[in-house]
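Everything below belongs to run_38.cif, which stores mmCIF, C-alpha atoms and all ligand atoms.
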```
data_entry
loop_
_atom_site.label_atom_id
_atom_site.label_comp_id
_atom_site.auth_asym_id
_atom_site.auth_seq_id
_atom_site.Cartn_x
_atom_site.Cartn_y
_atom_site.Cartn_z
CA MET A 30 -145.21 -69.88 -215.29
CA LEU A 31 -145.50 -66.34 -213.82
CA PRO A 32 -148.77 -64.94 -212.50
CA PRO A 33 -150.03 -62.29 -214.96
CA GLU A 34 -149.72 -59.45 -212.44
CA THR A 35 -146.00 -60.08 -211.98
CA THR A 36 -143.59 -58.03 -214.11
CA LEU A 37 -140.85 -60.04 -215.76
CA VAL A 38 -137.65 -58.09 -216.24
CA ALA A 39 -135.53 -59.98 -218.77
CA VAL A 40 -131.96 -59.32 -217.66
CA SER A 41 -130.05 -58.90 -220.90
CA LYS A 42 -126.68 -57.74 -219.54
CA PHE A 43 -123.70 -59.19 -221.45
CA HIS A 44 -126.04 -60.51 -224.15
CA PRO A 45 -126.06 -58.98 -227.64
CA VAL A 46 -128.74 -56.68 -229.04
CA GLU A 47 -129.83 -59.47 -231.40
CA ASP A 48 -130.96 -61.57 -228.41
CA ILE A 49 -133.03 -58.65 -227.16
CA ARG A 50 -134.62 -58.21 -230.60
CA GLU A 51 -135.60 -61.86 -230.55
CA ALA A 52 -137.17 -61.52 -227.10
CA LEU A 53 -139.04 -58.40 -228.26
CA ARG A 54 -140.42 -60.35 -231.20
CA ALA A 55 -141.54 -63.04 -228.76
CA GLY A 56 -143.47 -60.42 -226.79
CA GLN A 57 -141.09 -59.56 -223.94
CA ARG A 58 -141.13 -55.82 -223.15
CA VAL A 59 -139.08 -55.02 -220.05
CA PHE A 60 -135.31 -55.53 -219.99
CA GLY A 61 -132.77 -55.12 -217.23
CA GLU A 62 -129.21 -53.87 -217.59
CA SER A 63 -126.56 -53.28 -214.95
CA ARG A 64 -123.83 -51.29 -216.72
CA PRO A 65 -124.45 -47.69 -217.86
CA GLN A 66 -122.47 -47.81 -221.10
CA GLU A 67 -123.99 -51.09 -222.17
CA LEU A 68 -127.50 -49.85 -221.38
CA GLU A 69 -127.02 -46.65 -223.36
CA ALA A 70 -125.61 -48.47 -226.38
CA LYS A 71 -128.42 -51.01 -226.43
CA ALA A 72 -131.16 -48.47 -225.82
CA ARG A 73 -129.88 -46.43 -228.75
CA ALA A 74 -129.50 -49.45 -231.00
CA LEU A 75 -133.07 -50.49 -230.29
CA ALA A 76 -134.64 -47.04 -230.47
CA GLU A 77 -135.53 -47.65 -234.12
CA VAL A 78 -137.43 -50.88 -233.59
CA GLY A 79 -141.11 -50.32 -234.37
CA GLU A 80 -143.74 -50.10 -231.65
CA PRO A 81 -143.93 -51.31 -228.99
CA ALA A 82 -140.51 -50.22 -227.82
CA PRO A 83 -138.54 -51.96 -225.09
CA GLN A 84 -138.66 -50.59 -221.56
CA TRP A 85 -135.46 -50.55 -219.54
CA HIS A 86 -134.87 -51.07 -215.84
CA PHE A 87 -131.45 -50.28 -214.45
CA ILE A 88 -130.51 -52.94 -211.88
CA GLY A 89 -126.78 -52.44 -211.20
CA HIS A 90 -124.65 -50.25 -208.99
CA LEU A 91 -124.89 -46.74 -210.42
CA GLN A 92 -122.25 -44.08 -209.98
CA THR A 93 -123.59 -40.55 -210.03
CA ASN A 94 -121.24 -39.46 -212.82
CA LYS A 95 -122.94 -42.04 -215.08
CA LEU A 96 -126.50 -40.84 -214.49
CA LYS A 97 -126.76 -39.16 -217.86
CA MET A 98 -126.11 -42.47 -219.61
CA VAL A 99 -128.98 -44.09 -217.73
CA LEU A 100 -131.80 -41.77 -216.71
CA PRO A 101 -132.82 -40.64 -220.22
CA TYR A 102 -133.46 -44.26 -221.22
CA VAL A 103 -134.93 -46.12 -218.26
CA SER A 104 -138.45 -46.37 -216.90
CA MET A 105 -137.08 -47.37 -213.49
CA VAL A 106 -133.85 -47.45 -211.50
CA GLU A 107 -134.31 -50.49 -209.25
CA SER A 108 -130.95 -50.21 -207.53
CA VAL A 109 -130.87 -46.98 -205.55
CA ASP A 110 -128.42 -47.93 -202.82
CA SER A 111 -127.13 -44.66 -201.34
CA LEU A 112 -128.36 -41.24 -200.27
CA HIS A 113 -125.78 -39.72 -202.58
CA LEU A 114 -127.35 -41.49 -205.58
CA LEU A 115 -130.88 -40.62 -204.49
CA GLN A 116 -129.92 -36.94 -204.22
CA ALA A 117 -128.22 -37.03 -207.63
CA ILE A 118 -131.36 -38.51 -209.23
CA GLU A 119 -133.39 -35.77 -207.55
CA ASP A 120 -131.02 -33.08 -208.88
CA TRP A 121 -131.11 -34.54 -212.38
CA GLY A 122 -134.94 -34.63 -212.36
CA SER A 123 -135.11 -31.11 -211.03
CA ALA A 124 -132.91 -29.87 -213.88
CA ALA A 125 -134.65 -31.97 -216.54
CA GLY A 126 -138.17 -31.33 -215.26
CA THR A 127 -138.94 -35.04 -214.88
CA VAL A 128 -139.82 -37.44 -212.09
CA SER A 129 -137.86 -40.70 -211.96
CA ASP A 130 -139.36 -43.99 -210.75
CA VAL A 131 -137.01 -45.81 -208.40
CA LEU A 132 -136.86 -48.71 -205.97
CA LEU A 133 -134.79 -48.57 -202.81
CA GLU A 134 -132.36 -51.48 -202.67
CA MET A 135 -132.43 -53.21 -199.30
CA HIS A 136 -129.47 -55.22 -198.06
CA ILE A 137 -130.84 -58.67 -197.19
CA ALA A 138 -128.00 -61.03 -198.18
CA ALA A 139 -125.42 -62.48 -195.85
CA GLU A 140 -122.63 -61.17 -198.09
CA GLU A 141 -121.31 -57.81 -196.91
CA SER A 142 -120.21 -57.09 -200.47
CA LYS A 143 -123.81 -56.73 -201.67
CA GLN A 144 -125.21 -53.20 -201.91
CA GLY A 145 -128.23 -51.76 -200.22
CA PHE A 146 -129.75 -49.89 -197.31
CA ALA A 147 -130.56 -51.21 -193.86
CA GLU A 148 -134.13 -50.97 -192.55
CA ASP A 149 -133.51 -47.84 -190.46
CA GLU A 150 -131.95 -46.03 -193.42
CA ILE A 151 -134.96 -46.84 -195.60
CA LEU A 152 -137.32 -45.57 -192.89
CA GLU A 153 -135.42 -42.32 -192.73
CA ILE A 154 -135.66 -41.87 -196.50
CA MET A 155 -139.38 -42.65 -196.45
CA PHE A 156 -140.07 -40.12 -193.70
CA GLY A 157 -137.91 -37.55 -195.49
CA ARG A 158 -139.21 -38.23 -198.99
CA GLY A 159 -140.49 -34.64 -199.26
CA LYS A 160 -136.88 -33.70 -200.01
CA TYR A 161 -137.07 -35.62 -203.29
CA PRO A 162 -140.00 -34.24 -205.29
CA HIS A 163 -138.44 -35.45 -208.56
CA VAL A 164 -138.18 -39.04 -207.39
CA ARG A 165 -141.10 -41.46 -207.11
CA ILE A 166 -140.26 -44.23 -204.64
CA CYS A 167 -142.15 -47.22 -206.05
CA GLY A 168 -141.01 -49.97 -203.69
CA LEU A 169 -138.09 -52.14 -202.63
CA MET A 170 -135.55 -54.30 -204.44
CA GLY A 171 -133.40 -57.02 -202.89
CA MET A 172 -130.98 -59.80 -203.72
CA ALA A 173 -130.93 -62.91 -201.56
CA THR A 174 -127.76 -64.59 -200.34
CA ASN A 175 -126.04 -66.44 -203.16
CA THR A 176 -126.57 -70.00 -201.91
CA ASP A 177 -128.37 -73.23 -202.77
CA ASP A 178 -129.74 -73.36 -199.25
CA GLU A 179 -133.45 -72.67 -199.67
CA LEU A 180 -133.99 -71.85 -196.01
CA THR A 181 -131.48 -69.00 -196.18
CA VAL A 182 -133.06 -67.56 -199.32
CA ASP A 183 -136.47 -68.00 -197.74
CA ALA A 184 -135.37 -66.07 -194.65
CA ASP A 185 -133.87 -63.26 -196.76
CA PHE A 186 -137.05 -62.88 -198.79
CA SER A 187 -139.21 -63.07 -195.64
CA ARG A 188 -137.31 -60.18 -194.18
CA ILE A 189 -137.80 -57.88 -197.17
CA GLU A 190 -141.42 -58.97 -197.63
CA ASP A 191 -142.24 -58.21 -193.99
CA PHE A 192 -140.54 -54.83 -194.17
CA PHE A 193 -142.25 -54.00 -197.47
CA LEU A 194 -145.68 -54.77 -195.98
CA TYR A 195 -144.84 -52.79 -192.86
CA LEU A 196 -143.93 -49.75 -195.00
CA LYS A 197 -147.11 -50.06 -197.04
CA ASP A 198 -149.10 -49.98 -193.81
CA LEU A 199 -147.09 -47.07 -192.45
CA PHE A 200 -147.44 -44.96 -195.61
CA PRO A 201 -150.87 -45.80 -197.04
CA GLU A 202 -150.95 -42.45 -198.85
CA MET A 203 -148.01 -43.55 -201.03
CA GLU A 204 -150.07 -45.25 -203.71
CA ASP A 205 -147.07 -45.77 -205.98
CA PHE A 206 -145.21 -47.71 -203.31
CA ARG A 207 -146.31 -51.16 -204.48
CA GLU A 208 -143.38 -52.97 -206.12
CA LEU A 209 -141.30 -55.70 -204.50
CA SER A 210 -138.50 -56.71 -206.86
CA ILE A 211 -137.05 -60.01 -205.66
CA GLY A 212 -136.17 -63.23 -207.46
CA MET A 213 -133.63 -64.19 -210.12
CA SER A 214 -133.13 -67.34 -212.22
CA GLY A 215 -132.29 -69.50 -209.22
CA ASP A 216 -134.84 -68.28 -206.71
CA TRP A 217 -137.84 -66.73 -208.48
CA ARG A 218 -140.22 -69.44 -207.29
CA THR A 219 -139.32 -68.67 -203.69
CA ALA A 220 -139.65 -64.95 -204.46
CA LEU A 221 -143.20 -65.40 -205.78
CA ARG A 222 -144.17 -67.10 -202.53
CA HIS A 223 -142.97 -63.95 -200.78
CA GLY A 224 -145.05 -61.53 -202.80
CA ALA A 225 -142.67 -60.52 -205.59
CA THR A 226 -144.31 -58.10 -208.02
CA ILE A 227 -141.17 -57.91 -210.18
CA VAL A 228 -138.73 -60.75 -210.93
CA ARG A 229 -135.39 -60.16 -212.68
CA ILE A 230 -134.38 -63.15 -214.74
CA GLY A 231 -131.32 -63.42 -216.97
CA THR A 232 -129.72 -66.83 -217.26
CA ALA A 233 -132.98 -68.77 -217.42
CA ILE A 234 -134.04 -66.69 -220.44
CA PHE A 235 -130.85 -65.90 -222.34
CA GLY A 236 -128.52 -68.67 -221.17
CA GLU A 237 -125.17 -68.30 -219.41
CA ARG A 238 -123.40 -64.94 -219.67
CA LYS A 239 -120.00 -65.04 -221.33
C1 LIG B 1 -127.59 -60.28 -213.21
C2 LIG B 1 -128.69 -59.88 -212.30
C3 LIG B 1 -129.91 -60.60 -212.29
C4 LIG B 1 -130.18 -61.82 -213.13
O1 LIG B 1 -129.49 -62.92 -212.65
P1 LIG B 1 -129.76 -64.39 -213.25
O2 LIG B 1 -129.26 -65.28 -212.17
O3 LIG B 1 -128.96 -64.48 -214.51
O4 LIG B 1 -131.20 -64.55 -213.49
C5 LIG B 1 -130.92 -60.14 -211.44
N1 LIG B 1 -130.75 -59.07 -210.65
C6 LIG B 1 -129.60 -58.37 -210.63
C7 LIG B 1 -129.49 -57.19 -209.72
C8 LIG B 1 -128.53 -58.75 -211.44
O5 LIG B 1 -127.40 -58.05 -211.40
#
```
Could I get this file's structure written as structure tokens?
Ligand SMILES: *Cc1c(COP(=O)(O)O)cnc(C)c1O
Amino acid sequence: MLPPETTLVAVSKFHPVEDIREALRAGQRVFGESRPQELEAKARALAEVGEPAPQWHFIGHLQTNKLKMVLPYVSMVESVDSLHLLQAIEDWGSAAGTVSDVLLEMHIAAEESKQGFAEDEILEIMFGRGKYPHVRICGLMGMATNTDDELTVDADFSRIEDFFLYLKDLFPEMEDFRELSIGMSGDWRTALRHGATIVRIGTAIFGERK
């Protein structure tokens, strides 16, 4: 189904801890959550499961006053969507003496309501990344327009893929900048054609969210 080099993030938001345990038993390791309280509760509930432990990616909009519920538990924040959040993650890492892995969320959908940076904002962050020594920028994340029209989704993913490759060329010294997180239950096949290294799949694994 997925090429072996692609990371599958099983999006477990709204699903109970028991479902996550079952997925862990089946060999799934990386889980995605989008609400700080829910993530913290699940991470704590599953902390006692024997090795290997789950890894968590945060994939939702994150308010800076909720950082302490998220950063101690996750291996990556995929959804950095503002300078304010980036700075807060830097400050947290500086105080805690850690470096956080993040993706910059790029706005590629037609919907204005979706989060994310524009290309020029991402460029500015990349050129100014020296200001964030406690943040490791590992790539880009994006969500395509919510539509059944494959051409639209294709165009959205093309745009982020092209920009991702452009950035890799522009910053060859950034060896950690290698992740492109695109693709959900409805569009992961299209995402793989556009070079996804991470796909975030919920419904197709756990069923409909209640
Ligand atoms: C909920 C969510 C997903 C998973 O969506 P499905 O359609 O259920 O696969 C992926 N990415 C983000 C950012 C989400 O919030």
What does the list of residues within 9 Å of ligand LIG 1 (chain B) look like if you count all atoms listed in the file, written as a ChimeraX atom specification?
/A:38-42,61-63,87-90,107-108,170-172,210-217,228-238
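Distances from A:Ala124, A:Leu180, A:Leu221, A:Met155 to Leu199 of chain A were compared using only C-alpha atoms, and the smallest one belongs to A:Met155.
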Which segment 34-76 of chain A residues have any atom within 10 Å of an atom of segment 222-225 of chain A, and for each, what is the nearest pair of atoms with distance in Å to one decimal, counting all atoms listed in the file, rows sorted by chain and number, as a Markdown table?
```
| residue | atom | partner | partner_atom | distance |
| --- | --- | --- | --- | --- |
| A:Glu34 | CA | A:Ala225 | CA | 9.9 |
| A:Thr35 | CA | A:Ala225 | CA | 7.2 |
| A:Thr36 | CA | A:Ala225 | CA | 8.9 |
```
Enter the distance from atom CA of Ile49 of chain A to atom CA of Leu31 of chain A, in Å, rounded to one decimal.
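Distance between the two atoms: 19.8 Å.
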Give the padded box for segment 108-123 of chain A as AutoDock Vina command-line options: axis-aligned, covering all atoms listed in the file, 8 Å on each side, centre and edge lengths in Å to one decimal.
```
--center_x -130.4 --center_y -40.7 --center_z -206.3 --size_x 25.3 --size_y 35.1 --size_z 28.1
```
Calculated over all atoms listed in the file, which of the candidates A:Gln84, A:Thr127, A:Gln92, A:Thr176 has the smallest distance to Leu114 of chain A?
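For Leu114 of chain A, the nearest of the candidates is A:Gln92.
Interatomic distance, atom CA of Ala74 of chain A to atom CA of Asp48 of chain A: 12.5 Å.
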Need a file for segment 131-144 of chain A from that block: all heavy atoms, written as a JSON list (two decimals), in the first residue's frame.
```json
[["chain", "number", "residue", "atom", "x", "y", "z"],
["A", 131, "VAL", "N", 9.95, 20.39, 13.88],
["A", 131, "VAL", "CA", 8.69, 20.96, 13.39],
["A", 131, "VAL", "C", 8.65, 20.92, 11.87],
["A", 131, "VAL", "O", 9.67, 20.80, 11.19],
["A", 131, "VAL", "CB", 8.50, 22.44, 13.84],
["A", 131, "VAL", "CG1", 8.67, 22.59, 15.35],
["A", 131, "VAL", "CG2", 9.42, 23.39, 13.09],
["A", 132, "LEU", "N", 7.43, 21.02, 11.35],
["A", 132, "LEU", "CA", 7.20, 21.31, 9.94],
["A", 132, "LEU", "C", 6.52, 22.67, 9.86],
["A", 132, "LEU", "O", 5.76, 23.05, 10.77],
["A", 132, "LEU", "CB", 6.29, 20.25, 9.30],
["A", 132, "LEU", "CG", 6.74, 18.79, 9.40],
["A", 132, "LEU", "CD1", 5.74, 17.87, 8.68],
["A", 132, "LEU", "CD2", 8.14, 18.60, 8.81],
["A", 133, "LEU", "N", 6.79, 23.40, 8.81],
["A", 133, "LEU", "CA", 6.08, 24.65, 8.57],
["A", 133, "LEU", "C", 4.85, 24.34, 7.73],
["A", 133, "LEU", "O", 4.95, 23.68, 6.69],
["A", 133, "LEU", "CB", 6.99, 25.65, 7.82],
["A", 133, "LEU", "CG", 8.29, 26.01, 8.54],
["A", 133, "LEU", "CD1", 9.14, 26.94, 7.66],
["A", 133, "LEU", "CD2", 8.00, 26.66, 9.90],
["A", 134, "GLU", "N", 3.70, 24.78, 8.21],
["A", 134, "GLU", "CA", 2.46, 24.52, 7.47],
["A", 134, "GLU", "C", 2.29, 25.57, 6.39],
["A", 134, "GLU", "O", 2.33, 26.77, 6.66],
["A", 134, "GLU", "CB", 1.25, 24.53, 8.43],
["A", 134, "GLU", "CG", -0.04, 24.18, 7.71],
["A", 134, "GLU", "CD", -1.22, 23.93, 8.66],
["A", 134, "GLU", "OE1", -1.01, 23.88, 9.88],
["A", 134, "GLU", "OE2", -2.34, 23.80, 8.14],
["A", 135, "MET", "N", 2.11, 25.10, 5.18],
["A", 135, "MET", "CA", 1.96, 26.01, 4.04],
["A", 135, "MET", "C", 0.50, 26.04, 3.61],
["A", 135, "MET", "O", -0.15, 25.00, 3.53],
["A", 135, "MET", "CB", 2.85, 25.52, 2.89],
["A", 135, "MET", "CG", 2.76, 26.34, 1.63],
["A", 135, "MET", "SD", 4.08, 25.84, 0.49],
["A", 135, "MET", "CE", 3.36, 26.40, -1.06],
["A", 136, "HIS", "N", 0.00, 27.22, 3.36],
["A", 136, "HIS", "CA", -1.40, 27.37, 2.94],
["A", 136, "HIS", "C", -1.51, 27.08, 1.44],
["A", 136, "HIS", "O", -1.03, 27.86, 0.62],
["A", 136, "HIS", "CB", -1.88, 28.78, 3.25],
["A", 136, "HIS", "CG", -3.34, 28.97, 3.02],
["A", 136, "HIS", "ND1", -3.87, 29.19, 1.78],
["A", 136, "HIS", "CD2", -4.39, 28.94, 3.87],
["A", 136, "HIS", "CE1", -5.18, 29.29, 1.89],
["A", 136, "HIS", "NE2", -5.52, 29.15, 3.15],
["A", 137, "ILE", "N", -2.12, 25.94, 1.10],
["A", 137, "ILE", "CA", -2.24, 25.59, -0.32],
["A", 137, "ILE", "C", -3.69, 25.43, -0.76],
["A", 137, "ILE", "O", -3.97, 25.35, -1.95],
["A", 137, "ILE", "CB", -1.47, 24.28, -0.66],
["A", 137, "ILE", "CG1", -1.87, 23.14, 0.28],
["A", 137, "ILE", "CG2", 0.02, 24.52, -0.63],
["A", 137, "ILE", "CD1", -1.31, 21.77, -0.14],
["A", 138, "ALA", "N", -4.62, 25.38, 0.20],
["A", 138, "ALA", "CA", -6.03, 25.12, -0.14],
["A", 138, "ALA", "C", -6.71, 26.39, -0.63],
["A", 138, "ALA", "O", -6.25, 27.50, -0.39],
["A", 138, "ALA", "CB", -6.76, 24.57, 1.07],
["A", 139, "ALA", "N", -7.81, 26.19, -1.32],
["A", 139, "ALA", "CA", -8.60, 27.33, -1.76],
["A", 139, "ALA", "C", -9.30, 28.00, -0.58],
["A", 139, "ALA", "O", -9.54, 29.21, -0.59],
["A", 139, "ALA", "CB", -9.63, 26.88, -2.80],
["A", 140, "GLU", "N", -9.62, 27.22, 0.45],
["A", 140, "GLU", "CA", -10.36, 27.78, 1.59],
["A", 140, "GLU", "C", -9.48, 28.75, 2.36],
["A", 140, "GLU", "O", -8.39, 28.39, 2.80],
["A", 140, "GLU", "CB", -10.83, 26.67, 2.54],
["A", 140, "GLU", "CG", -11.81, 25.68, 1.94],
["A", 140, "GLU", "CD", -11.13, 24.38, 1.53],
["A", 140, "GLU", "OE1", -9.89, 24.31, 1.58],
["A", 140, "GLU", "OE2", -11.85, 23.45, 1.12],
["A", 141, "GLU", "N", -9.99, 29.96, 2.57],
["A", 141, "GLU", "CA", -9.25, 30.95, 3.36],
["A", 141, "GLU", "C", -9.16, 30.52, 4.82],
["A", 141, "GLU", "O", -8.25, 30.91, 5.55],
["A", 141, "GLU", "CB", -9.93, 32.32, 3.27],
["A", 141, "GLU", "CG", -9.66, 33.07, 1.98],
["A", 141, "GLU", "CD", -8.15, 33.30, 1.75],
["A", 141, "GLU", "OE1", -7.45, 33.63, 2.73],
["A", 141, "GLU", "OE2", -7.71, 33.15, 0.60],
["A", 142, "SER", "N", -10.13, 29.71, 5.25],
["A", 142, "SER", "CA", -10.20, 29.32, 6.66],
["A", 142, "SER", "C", -9.04, 28.41, 7.07],
["A", 142, "SER", "O", -8.70, 28.31, 8.24],
["A", 142, "SER", "CB", -11.52, 28.60, 6.92],
["A", 142, "SER", "OG", -11.62, 27.47, 6.09],
["A", 143, "LYS", "N", -8.41, 27.76, 6.11],
["A", 143, "LYS", "CA", -7.30, 26.86, 6.45],
["A", 143, "LYS", "C", -6.09, 27.68, 6.91],
["A", 143, "LYS", "O", -5.87, 28.79, 6.47],
["A", 143, "LYS", "CB", -6.93, 25.99, 5.24],
["A", 143, "LYS", "CG", -8.04, 24.99, 4.86],
["A", 143, "LYS", "CD", -7.62, 23.54, 5.11],
["A", 143, "LYS", "CE", -8.80, 22.57, 5.02],
["A", 143, "LYS", "NZ", -9.14, 22.19, 3.66],
["A", 144, "GLN", "N", -5.29, 27.07, 7.80],
["A", 144, "GLN", "CA", -4.13, 27.75, 8.37],
["A", 144, "GLN", "C", -2.94, 27.64, 7.42],
["A", 144, "GLN", "O", -2.96, 26.86, 6.48],
["A", 144, "GLN", "CB", -3.74, 27.10, 9.70],
["A", 144, "GLN", "CG", -4.87, 26.74, 10.61],
["A", 144, "GLN", "CD", -5.42, 27.94, 11.35],
["A", 144, "GLN", "OE1", -4.77, 28.98, 11.40],
["A", 144, "GLN", "NE2", -6.61, 27.80, 11.89]]
```
